[in-house]
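*Asks:* My structure is below; once you've seen it, I'll send some questions.
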Amino acid sequence: MSRAACLPLALALCAPLLAAPASAQAPAASAAAGASARSPALVEAVDALARTVAHYGGQVGVAIVDVDSGEVLAAHDEHRPLNPASNAKLFTAAAALAKLGPGHRFETALYGQVKGDRVGALVLRGHGDPSLATRDLWDMAHDLREAGVRRVDGDILVDQRFFDDNYVPPAFEQQPNEWAYFRAPVCATSLDENTVTMTVRPGAPGAAAGVSFDPPGFVDVDGTVRTGTDGHAQNVTLELAGAGMRLTAKVGGAIPASARPVHFVRRVENPALLAGYALKALLVAQGVAVAGEVKTGGESAHGALVVHRSAPLGVLVGEMGKQSDNFYAETIFKTLGAERKGRPGKSEAGAEIVTQYLGEIAALDEGTVIKNGSGLFDANRVTASTTARLLRAAYRDPATSAEMVSQLAIGGVDGTLHGRFRGHKADRRVRAKTGTLESVAALSGYVLGTTGHGPVAFSIFVNGVAGKVSGARAAIDKCVEAIAKATAR
């Protein structure tokens, strides 16, 4: 995983072309049920996949749908609610593109009252930009200095009120001691996806190595990393601990003198002041003195001095789709809540908007549970049928279809599918979102059409295959290859 659409209501009339949702408690349907007589190869492929998963002791839900007609070409247990893993990001992307629009931009700004070359309190206010990076904050500090400001007489205040203060997304608490970047907390004014990167550069043999952290100003370092001889193995260590609103890093070990710099990326514990401390350090580095401290606040500030706007949402969703970025997903999910249900934005409100959207496009199966926007951990339950109908609706909406398709990984080419479907690298027909957890393998997306064939939407969820995920993934790929073959003639 990396660090750093959908139908309006009027088009919901298209959705009934799909099979009506069955009860989540209904007996498992065979692949032949509802399958077209024109698709025996797909029925056979789905049956083969179901047999493999049954051998592993797991459950599988499959739906393969002709996008143009809505015909269900093959299916198996398509109305069984299952854990979609990162396929949940499809729901976040589709709802966000439909409700916010592909052109939506996230704004981050500096506020304050300038007198001469001074500003009193300087307020940093964000509106949920998942892409704000240290380089952007550097540019904002530079613009402030170019405007003539040479001193901040008061505090730097970070305004986080666009979101609530529940920084840990739903289900992320299931691994509380995990410091990996992929489970970073979420807030309205974030920076570098609320992670810190430690860089270690060797010095002369026997001397201390250089240790630095980005963003700057937030991490207090305890200990040293030695520079060893060229034959010495690299054994740098890093332990992080929360220290109030900051982080403490305990470092140790050694790095060979001839080694290249090494990098360690970790999430922060409390992100509320991360961007504020970085802003202070960047201002000082550019010759702007800061007299005060870094605190939360600034809700009443007005009069923007510097404004940064993100790339359009239609571009940002590519990080969520191609790279399966959890931080982007959870931040956009919460933005949905803030923009459509009112501020402060809450994950629960984002879930409500996504669920409402599924109802609007007639894709809400019984048993659907939406809790978070990324699919990380054990949170969501959706069906293969719901997902295929979502994909069909997204493809058929001219307002957002291009962005919904382009944000998916391309088989054999990029993102999380760069190593899969390499036989389709040239034709670029497989566009899909991957999903992997300890006992879950999922893949949903499109096989694009050829002459005489329209596109096909598919969704495949496999659950309950702990220790067999790689085998399940291979079986899923065979099924998708069968779709590509059946639509290539």
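So you can find residues: chains in the structure tokens are A, B, ... in the order shown, residues in each start at 1, and ligands are numbered from 1 in order.
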For stretch 395-454 of chain A versus stretch 322-326 of chain A, which residues have an atom no more than 6 Å away, and what is each residue's nearest atom pair and distance in Å rounded to one decimal, using only C-alpha atoms, chain-then-number order, as CSV?

*Replies:*
```
residue,atom,partner,partner_atom,distance
A:Gln407,CA,A:Lys322,CA,5.9
A:Leu408,CA,A:Lys322,CA,5.1
A:Ala409,CA,A:Lys322,CA,4.4
A:Gly415,CA,A:Lys322,CA,4.5
A:Thr416,CA,A:Gln323,CA,5.9
```

*Asks:* Please dump the current selection as a PDB file, in the first residue's frame; keep N, CA and C atoms.

*Replies:*
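Full text of again_11.pdb as output:
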```pdb
ATOM      1  N   GLN A 407      -9.155   5.661 -11.999  1.00  0.00           N
ATOM      2  CA  GLN A 407      -8.537   5.520 -10.674  1.00  0.00           C
ATOM      3  C   GLN A 407      -8.211   4.071 -10.335  1.00  0.00           C
ATOM      4  N   LEU A 408      -8.679   3.129 -11.140  1.00  0.00           N
ATOM      5  CA  LEU A 408      -8.411   1.713 -10.877  1.00  0.00           C
ATOM      6  C   LEU A 408      -7.035   1.309 -11.395  1.00  0.00           C
ATOM      7  N   ALA A 409      -6.436   0.337 -10.737  1.00  0.00           N
ATOM      8  CA  ALA A 409      -5.169  -0.219 -11.219  1.00  0.00           C
ATOM      9  C   ALA A 409      -5.394  -0.940 -12.544  1.00  0.00           C
ATOM     10  N   GLY A 415      -0.032   0.344 -10.214  1.00  0.00           N
ATOM     11  CA  GLY A 415      -0.716   0.169  -8.945  1.00  0.00           C
ATOM     12  C   GLY A 415      -0.585  -1.224  -8.371  1.00  0.00           C
ATOM     13  N   THR A 416      -1.604  -1.653  -7.671  1.00  0.00           N
ATOM     14  CA  THR A 416      -1.572  -2.952  -7.004  1.00  0.00           C
ATOM     15  C   THR A 416      -1.772  -4.122  -7.958  1.00  0.00           C
TER      16      THR A 416
END
```

*Asks:* Produce a table with one row for each residue of stretch 106-163 of chain A that has an atom at most 10 Å from any atom of stretch 343-367 of chain A, each row naming the nearest atom pair and its distance in Å at one decimal; use only C-alpha atoms; arrange rows by chain and rising residue number; format as a tab-separated table.

*Replies:*
```
residue	atom	partner	partner_atom	distance
A:His127	CA	A:Gly345	CA	9.8
A:Gly128	CA	A:Gly345	CA	9.2
A:Gln160	CA	A:Pro344	CA	9.0
A:Arg161	CA	A:Pro344	CA	6.0
A:Phe162	CA	A:Pro344	CA	4.9
A:Phe163	CA	A:Gly345	CA	4.3
```

*Asks:* Can you pull out every residue within 8 Å of stretch 438-453 of chain A, counting only C-alpha atoms, but drop anything in the same chain fewer than 2 positions away, and send it as a ChimeraX atom specification?

*Replies:* /A:83-87,387-388,391,408,429-436,455-469,472-473,476,480,483-484,487-489

*Asks:* Please produce an output containing N, CA and C atoms for each residue in the selection, written as a compact mmCIF listing (two decimals), in the first residue's frame.

*Replies:*
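Generated output (result-v4.txt):
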```
# COMPACT_ATOMS: atom_id res chain seq x y z
N ASN A 83 -16.84 -9.60 3.83
CA ASN A 83 -15.85 -8.54 4.06
C ASN A 83 -15.17 -8.23 2.73
N PRO A 84 -15.27 -6.99 2.23
CA PRO A 84 -14.68 -6.67 0.94
C PRO A 84 -13.22 -6.25 1.00
N ALA A 85 -12.65 -6.16 2.21
CA ALA A 85 -11.30 -5.62 2.38
C ALA A 85 -11.21 -4.28 1.65
N SER A 86 -10.14 -4.04 0.92
CA SER A 86 -9.95 -2.73 0.30
C SER A 86 -10.87 -2.46 -0.88
N ASN A 87 -11.70 -3.42 -1.27
CA ASN A 87 -12.73 -3.12 -2.26
C ASN A 87 -13.74 -2.10 -1.72
N THR A 387 -21.73 -4.60 -5.30
CA THR A 387 -20.52 -4.01 -5.86
C THR A 387 -20.57 -3.97 -7.38
N ALA A 388 -21.06 -5.04 -8.00
CA ALA A 388 -21.17 -5.04 -9.46
C ALA A 388 -22.16 -3.98 -9.95
N LEU A 391 -20.48 -0.63 -9.73
CA LEU A 391 -19.55 -0.46 -10.84
C LEU A 391 -20.29 -0.16 -12.14
N LEU A 408 -8.68 3.13 -11.14
CA LEU A 408 -8.41 1.71 -10.88
C LEU A 408 -7.03 1.31 -11.40
N ARG A 429 -6.97 -4.12 -20.62
CA ARG A 429 -8.41 -4.37 -20.49
C ARG A 429 -8.85 -4.60 -19.06
N VAL A 430 -7.96 -5.07 -18.19
CA VAL A 430 -8.35 -5.37 -16.82
C VAL A 430 -8.10 -4.15 -15.94
N ARG A 431 -9.17 -3.59 -15.39
CA ARG A 431 -9.09 -2.42 -14.50
C ARG A 431 -9.81 -2.81 -13.21
N ALA A 432 -9.09 -2.84 -12.09
CA ALA A 432 -9.74 -3.38 -10.90
C ALA A 432 -9.12 -2.87 -9.62
N LYS A 433 -9.87 -3.06 -8.54
CA LYS A 433 -9.42 -2.74 -7.18
C LYS A 433 -9.17 -4.04 -6.44
N THR A 434 -7.98 -4.14 -5.88
CA THR A 434 -7.61 -5.32 -5.11
C THR A 434 -8.07 -5.18 -3.67
N GLY A 435 -8.06 -6.30 -2.95
CA GLY A 435 -8.37 -6.29 -1.53
C GLY A 435 -7.74 -7.50 -0.86
N THR A 436 -6.98 -7.26 0.21
CA THR A 436 -6.30 -8.36 0.90
C THR A 436 -6.29 -8.11 2.40
N PRO A 455 -18.20 -3.53 -22.14
CA PRO A 455 -17.47 -3.82 -20.91
C PRO A 455 -18.26 -4.73 -19.98
N VAL A 456 -17.54 -5.43 -19.14
CA VAL A 456 -18.14 -6.30 -18.13
C VAL A 456 -17.67 -5.82 -16.75
N ALA A 457 -18.60 -5.70 -15.82
CA ALA A 457 -18.27 -5.39 -14.44
C ALA A 457 -18.27 -6.69 -13.65
N PHE A 458 -17.31 -6.84 -12.77
CA PHE A 458 -17.25 -8.07 -11.96
C PHE A 458 -16.89 -7.73 -10.53
N SER A 459 -17.32 -8.57 -9.63
CA SER A 459 -16.94 -8.46 -8.22
C SER A 459 -16.78 -9.85 -7.65
N ILE A 460 -15.64 -10.08 -7.00
CA ILE A 460 -15.32 -11.39 -6.41
C ILE A 460 -14.79 -11.17 -5.01
N PHE A 461 -15.48 -11.71 -4.01
CA PHE A 461 -15.05 -11.66 -2.62
C PHE A 461 -14.83 -13.08 -2.11
N VAL A 462 -13.67 -13.33 -1.53
CA VAL A 462 -13.37 -14.60 -0.89
C VAL A 462 -13.04 -14.33 0.57
N ASN A 463 -13.75 -14.97 1.47
CA ASN A 463 -13.54 -14.82 2.91
C ASN A 463 -13.22 -16.17 3.55
N GLY A 464 -12.59 -16.12 4.72
CA GLY A 464 -12.36 -17.33 5.50
C GLY A 464 -11.29 -18.24 4.97
N VAL A 465 -10.24 -17.66 4.35
CA VAL A 465 -9.18 -18.49 3.76
C VAL A 465 -7.82 -18.14 4.36
N ALA A 466 -7.77 -17.99 5.67
CA ALA A 466 -6.49 -17.70 6.33
C ALA A 466 -5.46 -18.75 5.96
N GLY A 467 -4.29 -18.30 5.57
CA GLY A 467 -3.23 -19.21 5.15
C GLY A 467 -3.34 -19.65 3.70
N LYS A 468 -4.45 -19.30 3.05
CA LYS A 468 -4.68 -19.70 1.66
C LYS A 468 -4.99 -18.50 0.76
N VAL A 469 -4.65 -17.32 1.22
CA VAL A 469 -4.99 -16.11 0.46
C VAL A 469 -4.32 -16.10 -0.91
N ALA A 472 -6.22 -18.41 -3.15
CA ALA A 472 -7.50 -17.82 -3.51
C ALA A 472 -7.32 -16.72 -4.55
N ARG A 473 -6.26 -15.93 -4.39
CA ARG A 473 -6.00 -14.86 -5.36
C ARG A 473 -5.73 -15.44 -6.74
N ILE A 476 -9.00 -16.45 -8.24
CA ILE A 476 -9.73 -15.25 -8.68
C ILE A 476 -9.21 -14.79 -10.04
N VAL A 480 -11.11 -14.10 -13.71
CA VAL A 480 -11.08 -12.85 -14.47
C VAL A 480 -10.49 -13.08 -15.86
N ILE A 483 -13.18 -14.19 -18.06
CA ILE A 483 -14.01 -13.08 -18.53
C ILE A 483 -13.36 -12.41 -19.72
N ALA A 484 -12.07 -12.16 -19.60
CA ALA A 484 -11.35 -11.52 -20.71
C ALA A 484 -11.38 -12.35 -21.96
N THR A 487 -14.89 -12.40 -23.67
CA THR A 487 -15.30 -11.14 -24.30
C THR A 487 -14.31 -10.68 -25.35
N ALA A 488 -13.36 -11.52 -25.70
CA ALA A 488 -12.36 -11.15 -26.71
C ALA A 488 -12.71 -11.69 -28.09
N ARG A 489 -13.71 -12.56 -28.13
CA ARG A 489 -14.05 -13.17 -29.41
C ARG A 489 -15.03 -12.32 -30.20
```

*Asks:* Write out as a ChimeraX atom specification which residues come within 10 Å of A:Asp129 when counting only C-alpha atoms, dropping same-chain ones fewer than 3 positions away.

*Replies:* /A:105-108,126,132-133,187-191,193,308-311,313,316,328,331-332,335

*Asks:* Taking C-alpha atoms for each residue, export the selection above as a CSV table (one decimal), in the first residue's frame.

*Replies:*
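File produced: selection_7.csv:
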```csv
chain,number,residue,atom,x,y,z
A,105,ARG,CA,-10.7,20.7,-4.3
A,106,PHE,CA,-9.5,20.7,-0.7
A,107,GLU,CA,-8.5,24.1,0.7
A,108,THR,CA,-5.8,24.7,3.4
A,126,GLY,CA,-7.5,22.6,6.8
A,132,LEU,CA,-1.1,18.1,1.8
A,133,ALA,CA,2.7,17.5,2.0
A,187,CYS,CA,-7.7,14.8,11.0
A,188,ALA,CA,-8.9,17.9,9.1
A,189,THR,CA,-5.5,19.6,9.0
A,190,SER,CA,-3.1,16.7,8.1
A,191,LEU,CA,0.4,16.6,6.8
A,193,GLU,CA,-0.6,11.5,5.5
A,308,HIS,CA,-3.4,26.3,-0.9
A,309,ARG,CA,-5.8,24.2,-3.0
A,310,SER,CA,-5.3,20.5,-3.7
A,311,ALA,CA,-5.5,18.8,-7.1
A,313,LEU,CA,-10.8,15.0,-6.4
A,316,LEU,CA,-6.8,12.3,-5.9
A,328,TYR,CA,-6.8,9.0,1.4
A,331,THR,CA,-10.1,11.3,4.9
A,332,ILE,CA,-12.3,11.5,1.8
A,335,THR,CA,-15.1,14.8,4.0
```

*Asks:* Using only C-alpha atoms, which residues sit within 10 Å of A:Ala121 once same-chain residues fewer than 4 positions away are excluded, as a VMD selection string?

*Replies:* chain A and resid 111 to 114 152 to 157 290 to 293 298 301

*Asks:* A:Ala48, A:Leu97, A:Leu437, A:Ala275: which is nearest A:Phe377, counting only C-alpha atoms?

*Replies:*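 Counting only C-alpha atoms, the residue closest to A:Phe377 is A:Leu437.
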